[in-house]
$ cat input33.tsv   # TSV, N, CA and C atoms
chain	number	residue	atom	x	y	z
H	25	ARG	N	22.84	43.78	-45.04
H	25	ARG	CA	23.14	44.19	-46.40
H	25	ARG	C	23.20	42.97	-47.32
H	26	GLU	N	23.71	41.87	-46.83
H	26	GLU	CA	23.84	40.67	-47.65
H	26	GLU	C	22.61	39.76	-47.58
H	27	GLY	N	21.67	40.07	-46.69
H	27	GLY	CA	20.47	39.25	-46.59
H	27	GLY	C	20.55	38.11	-45.60
H	28	TYR	N	21.66	38.06	-44.84
H	28	TYR	CA	21.79	37.01	-43.83
H	28	TYR	C	22.62	37.54	-42.66
H	29	VAL	N	22.57	36.81	-41.54
H	29	VAL	CA	23.37	37.15	-40.37
H	29	VAL	C	24.10	35.90	-39.89
H	30	LEU	N	25.23	36.10	-39.25
H	30	LEU	CA	25.99	35.02	-38.61
H	30	LEU	C	25.71	35.12	-37.12
H	31	ILE	N	25.25	34.05	-36.51
H	31	ILE	CA	24.88	34.07	-35.10
H	31	ILE	C	25.79	33.15	-34.31
H	32	ASP	N	26.31	33.68	-33.20
H	32	ASP	CA	27.11	32.89	-32.27
H	32	ASP	C	26.14	32.30	-31.26
H	33	ALA	N	25.96	30.99	-31.31
H	33	ALA	CA	24.97	30.32	-30.46
H	33	ALA	C	25.64	29.50	-29.37
H	34	SER	N	26.78	29.96	-28.87
H	34	SER	CA	27.51	29.19	-27.87
H	34	SER	C	26.75	29.05	-26.55
H	35	ASN	N	25.80	29.93	-26.29
H	35	ASN	CA	25.00	29.86	-25.06
H	35	ASN	C	23.58	29.37	-25.33
H	36	CYS	N	23.40	28.66	-26.39
H	36	CYS	CA	22.07	28.30	-26.86
H	36	CYS	C	21.81	26.80	-26.83
H	37	VAL	N	20.57	26.43	-26.69
H	37	VAL	CA	20.19	25.03	-26.86
H	37	VAL	C	20.04	24.76	-28.35
H	38	ALA	N	19.69	23.56	-28.71
H	38	ALA	CA	19.55	23.20	-30.12
H	38	ALA	C	18.56	24.11	-30.83
H	39	ILE	N	18.93	24.55	-32.01
H	39	ILE	CA	18.08	25.41	-32.82
H	39	ILE	C	17.78	24.67	-34.12
H	40	SER	N	16.52	24.60	-34.48
H	40	SER	CA	16.08	23.86	-35.66
H	40	SER	C	16.20	24.70	-36.92
H	41	THR	N	16.51	24.03	-38.03
H	41	THR	CA	16.48	24.69	-39.33
H	41	THR	C	15.08	25.21	-39.58
H	42	ASP	N	14.97	26.38	-40.17
H	42	ASP	CA	13.72	27.08	-40.49
H	42	ASP	C	13.04	27.70	-39.28
H	43	GLN	N	13.63	27.60	-38.09
H	43	GLN	CA	13.06	28.26	-36.91
H	43	GLN	C	13.19	29.77	-37.08
H	44	THR	N	12.16	30.50	-36.69
H	44	THR	CA	12.17	31.96	-36.77
H	44	THR	C	12.59	32.54	-35.43
H	45	LEU	N	13.52	33.49	-35.47
H	45	LEU	CA	14.06	34.12	-34.27
H	45	LEU	C	13.91	35.64	-34.38
H	46	THR	N	13.89	36.31	-33.24
H	46	THR	CA	13.75	37.76	-33.20
H	46	THR	C	15.07	38.39	-32.75
H	47	ALA	N	15.51	39.41	-33.50
H	47	ALA	CA	16.72	40.16	-33.14
H	47	ALA	C	16.28	41.41	-32.39
H	48	VAL	N	16.95	41.68	-31.25
H	48	VAL	CA	16.61	42.83	-30.42
H	48	VAL	C	17.88	43.63	-30.13
H	49	GLY	N	17.81	44.93	-30.39
H	49	GLY	CA	18.92	45.82	-30.09
H	49	GLY	C	18.39	47.13	-29.57
H	50	ASN	N	19.09	47.74	-28.64
H	50	ASN	CA	18.66	49.02	-28.06
H	50	ASN	C	17.23	48.97	-27.54
H	51	GLU	N	16.90	47.87	-26.87
H	51	GLU	CA	15.60	47.70	-26.21
H	51	GLU	C	14.40	47.62	-27.16
H	52	SER	N	14.63	47.41	-28.46
H	52	SER	CA	13.51	47.24	-29.39
H	52	SER	C	13.86	46.20	-30.45
H	53	GLU	N	12.83	45.61	-31.03
H	53	GLU	CA	13.04	44.60	-32.07
H	53	GLU	C	13.67	45.25	-33.30
H	54	SER	N	14.73	44.63	-33.80
H	54	SER	CA	15.41	45.17	-34.98
H	54	SER	C	15.20	44.31	-36.22
H	55	GLY	N	14.69	43.09	-36.03
H	55	GLY	CA	14.46	42.24	-37.19
H	55	GLY	C	14.01	40.85	-36.82
H	56	VAL	N	13.66	40.11	-37.85
H	56	VAL	CA	13.28	38.70	-37.73
H	56	VAL	C	14.16	37.92	-38.69
H	57	VAL	N	14.70	36.80	-38.21
H	57	VAL	CA	15.57	35.96	-39.04
H	57	VAL	C	15.09	34.51	-39.01
H	58	ARG	N	15.43	33.75	-40.06
H	58	ARG	CA	15.06	32.34	-40.15
H	58	ARG	C	16.34	31.51	-40.27
H	59	VAL	N	16.48	30.53	-39.39
H	59	VAL	CA	17.68	29.69	-39.31
H	59	VAL	C	17.83	28.85	-40.58
H	60	SER	N	19.03	28.87	-41.15
H	60	SER	CA	19.33	28.04	-42.33
H	60	SER	C	20.02	26.75	-41.88
H	61	ALA	N	20.30	25.89	-42.82
H	61	ALA	CA	20.98	24.63	-42.52
H	61	ALA	C	22.50	24.82	-42.42
H	62	ASP	N	23.01	26.00	-42.81
H	62	ASP	CA	24.45	26.27	-42.79
H	62	ASP	C	24.92	26.49	-41.37
H	63	ARG	N	25.81	25.58	-40.89
H	63	ARG	CA	26.29	25.64	-39.51
H	63	ARG	C	27.77	25.28	-39.42
H	64	ASN	N	28.39	25.88	-38.45
H	64	ASN	CA	29.75	25.52	-38.05
H	64	ASN	C	29.79	25.82	-36.55
H	65	PRO	N	29.27	24.88	-35.74
H	65	PRO	CA	29.06	25.14	-34.31
H	65	PRO	C	30.27	25.81	-33.67
H	66	PRO	N	30.02	26.82	-32.85
H	66	PRO	CA	28.73	27.26	-32.32
H	66	PRO	C	28.04	28.32	-33.18
H	67	PHE	N	28.45	28.48	-34.42
H	67	PHE	CA	27.87	29.50	-35.29
H	67	PHE	C	26.87	28.89	-36.27
H	68	PHE	N	25.89	29.73	-36.64
H	68	PHE	CA	24.99	29.33	-37.72
H	68	PHE	C	24.56	30.57	-38.50
H	69	ILE	N	24.07	30.33	-39.69
H	69	ILE	CA	23.61	31.40	-40.58
H	69	ILE	C	22.09	31.47	-40.49
H	70	ALA	N	21.56	32.68	-40.50
H	70	ALA	CA	20.12	32.88	-40.53
H	70	ALA	C	19.81	33.93	-41.59
H	71	ASP	N	18.80	33.67	-42.41
H	71	ASP	CA	18.38	34.62	-43.43
H	71	ASP	C	17.51	35.71	-42.79
H	72	ILE	N	17.70	36.94	-43.22
H	72	ILE	CA	16.89	38.04	-42.71
H	72	ILE	C	15.53	37.99	-43.38
H	73	VAL	N	14.48	37.88	-42.57
H	73	VAL	CA	13.10	37.85	-43.06
H	73	VAL	C	12.55	39.26	-43.13
H	74	SER	N	12.83	40.05	-42.08
H	74	SER	CA	12.36	41.44	-42.05
H	74	SER	C	13.25	42.26	-41.12
H	75	GLY	N	13.17	43.58	-41.29
H	75	GLY	CA	13.93	44.47	-40.44
H	75	GLY	C	15.39	44.57	-40.83
H	76	LYS	N	16.19	45.14	-39.92
H	76	LYS	CA	17.62	45.35	-40.15
H	76	LYS	C	18.39	45.00	-38.89
H	77	PRO	N	18.62	43.71	-38.64
H	77	PRO	CA	19.42	43.32	-37.47
H	77	PRO	C	20.83	43.92	-37.58
H	78	HIS	N	21.40	44.23	-36.42
H	78	HIS	CA	22.74	44.83	-36.37
H	78	HIS	C	23.69	43.96	-35.56
H	79	ARG	N	24.97	44.13	-35.81
H	79	ARG	CA	26.00	43.43	-35.04
H	79	ARG	C	25.79	43.73	-33.55
H	80	GLY	N	25.81	42.68	-32.73
H	80	GLY	CA	25.65	42.84	-31.31
H	80	GLY	C	24.22	42.70	-30.81
H	81	ASP	N	23.25	42.62	-31.73
H	81	ASP	CA	21.86	42.40	-31.29
H	81	ASP	C	21.73	41.07	-30.60
H	82	ARG	N	20.83	41.00	-29.64
H	82	ARG	CA	20.52	39.72	-28.99
H	82	ARG	C	19.48	39.00	-29.82
H	83	ILE	N	19.55	37.67	-29.82
H	83	ILE	CA	18.62	36.85	-30.61
H	83	ILE	C	17.76	36.03	-29.65
H	84	TYR	N	16.45	36.09	-29.88
H	84	TYR	CA	15.50	35.36	-29.02
H	84	TYR	C	14.57	34.52	-29.88
H	85	SER	N	14.15	33.42	-29.31
H	85	SER	CA	13.12	32.60	-29.93
H	85	SER	C	11.77	33.05	-29.38
H	86	PRO	N	10.84	33.44	-30.25
H	86	PRO	CA	9.52	33.86	-29.76
H	86	PRO	C	8.69	32.69	-29.25
H	87	GLN	N	9.14	31.47	-29.49
H	87	GLN	CA	8.42	30.28	-29.06
H	87	GLN	C	8.82	29.92	-27.63
H	88	PRO	N	7.83	29.49	-26.81
H	88	PRO	CA	8.16	29.12	-25.41
H	88	PRO	C	9.04	27.91	-25.32
$ encode --input "input33.tsv" --output "structure tokens"
Amino acid sequence: REGYVLIDASNCVAISTDQTLTAVGNESESGVVRVSADRNPPFFIADIVSGKPHRGDRIYSPQP
């Protein structure tokens, strides 16, 4: 609703600013987000690029 999501990255390796990530919920993609520079480890903010990510969705990097 606000155009961004707060992500808990406590189980994550380093994530770069402007990296695009995929949100998945209920076994299907729910949105795409782009990492912003706003951080307070282990949390960071990501802007919603498309879709409607929901609380509890898993976040994946489409890059190997």
$ residues_around --input "input33.tsv" --residues "Ile83 of chain H" --least-positions-apart "3" --cutoff "6 Å" --atoms "all atoms listed in the file" --output "VMD selection string"
chain H and resid 46 to 48
$ axis_aligned_box --input "input33.tsv" --around "segment 55-70 of chain H" --padding-each-side "6 Å" --output "JSON"
{"center_x": 21.8, "center_y": 33.9, "center_z": -37.6, "size_x": 29.0, "size_y": 30.5, "size_z": 22.5}
$ closest_residue --input "input33.tsv" --among "H:Asp81, H:Arg63, H:Pro86, H:Val73" --to "Asn50 of chain H" --atoms "all atoms listed in the file"
H:Asp81
$ atom_distance --input "input33.tsv" --atom1 "atom C of Ile72 of chain H" --atom2 "atom N of Gly27 of chain H"
7.3 Å
$ residues_around --input "input33.tsv" --residues "Phe68 of chain H" --least-positions-apart "5" --cutoff "6 Å" --atoms "all atoms listed in the file" --output "list in words"
Val29, Leu30, Ile31, Asp32, Ala33, Asp62 and Arg63 of chain H
$ write_last_selection --input "input33.tsv" --atoms "N, CA and C atoms" --output "mmCIF file, keeping the file's coordinate frame"
data_model
loop_
_atom_site.group_PDB
_atom_site.id
_atom_site.type_symbol
_atom_site.label_atom_id
_atom_site.label_comp_id
_atom_site.auth_asym_id
_atom_site.auth_seq_id
_atom_site.Cartn_x
_atom_site.Cartn_y
_atom_site.Cartn_z
ATOM 1 N N VAL H 29 22.570 36.810 -41.540
ATOM 2 C CA VAL H 29 23.370 37.150 -40.370
ATOM 3 C C VAL H 29 24.100 35.900 -39.890
ATOM 4 N N LEU H 30 25.230 36.100 -39.250
ATOM 5 C CA LEU H 30 25.990 35.020 -38.610
ATOM 6 C C LEU H 30 25.710 35.120 -37.120
ATOM 7 N N ILE H 31 25.250 34.050 -36.510
ATOM 8 C CA ILE H 31 24.880 34.070 -35.100
ATOM 9 C C ILE H 31 25.790 33.150 -34.310
ATOM 10 N N ASP H 32 26.310 33.680 -33.200
ATOM 11 C CA ASP H 32 27.110 32.890 -32.270
ATOM 12 C C ASP H 32 26.140 32.300 -31.260
ATOM 13 N N ALA H 33 25.960 30.990 -31.310
ATOM 14 C CA ALA H 33 24.970 30.320 -30.460
ATOM 15 C C ALA H 33 25.640 29.500 -29.370
ATOM 16 N N ASP H 62 23.010 26.000 -42.810
ATOM 17 C CA ASP H 62 24.450 26.270 -42.790
ATOM 18 C C ASP H 62 24.920 26.490 -41.370
ATOM 19 N N ARG H 63 25.810 25.580 -40.890
ATOM 20 C CA ARG H 63 26.290 25.640 -39.510
ATOM 21 C C ARG H 63 27.770 25.280 -39.420
#
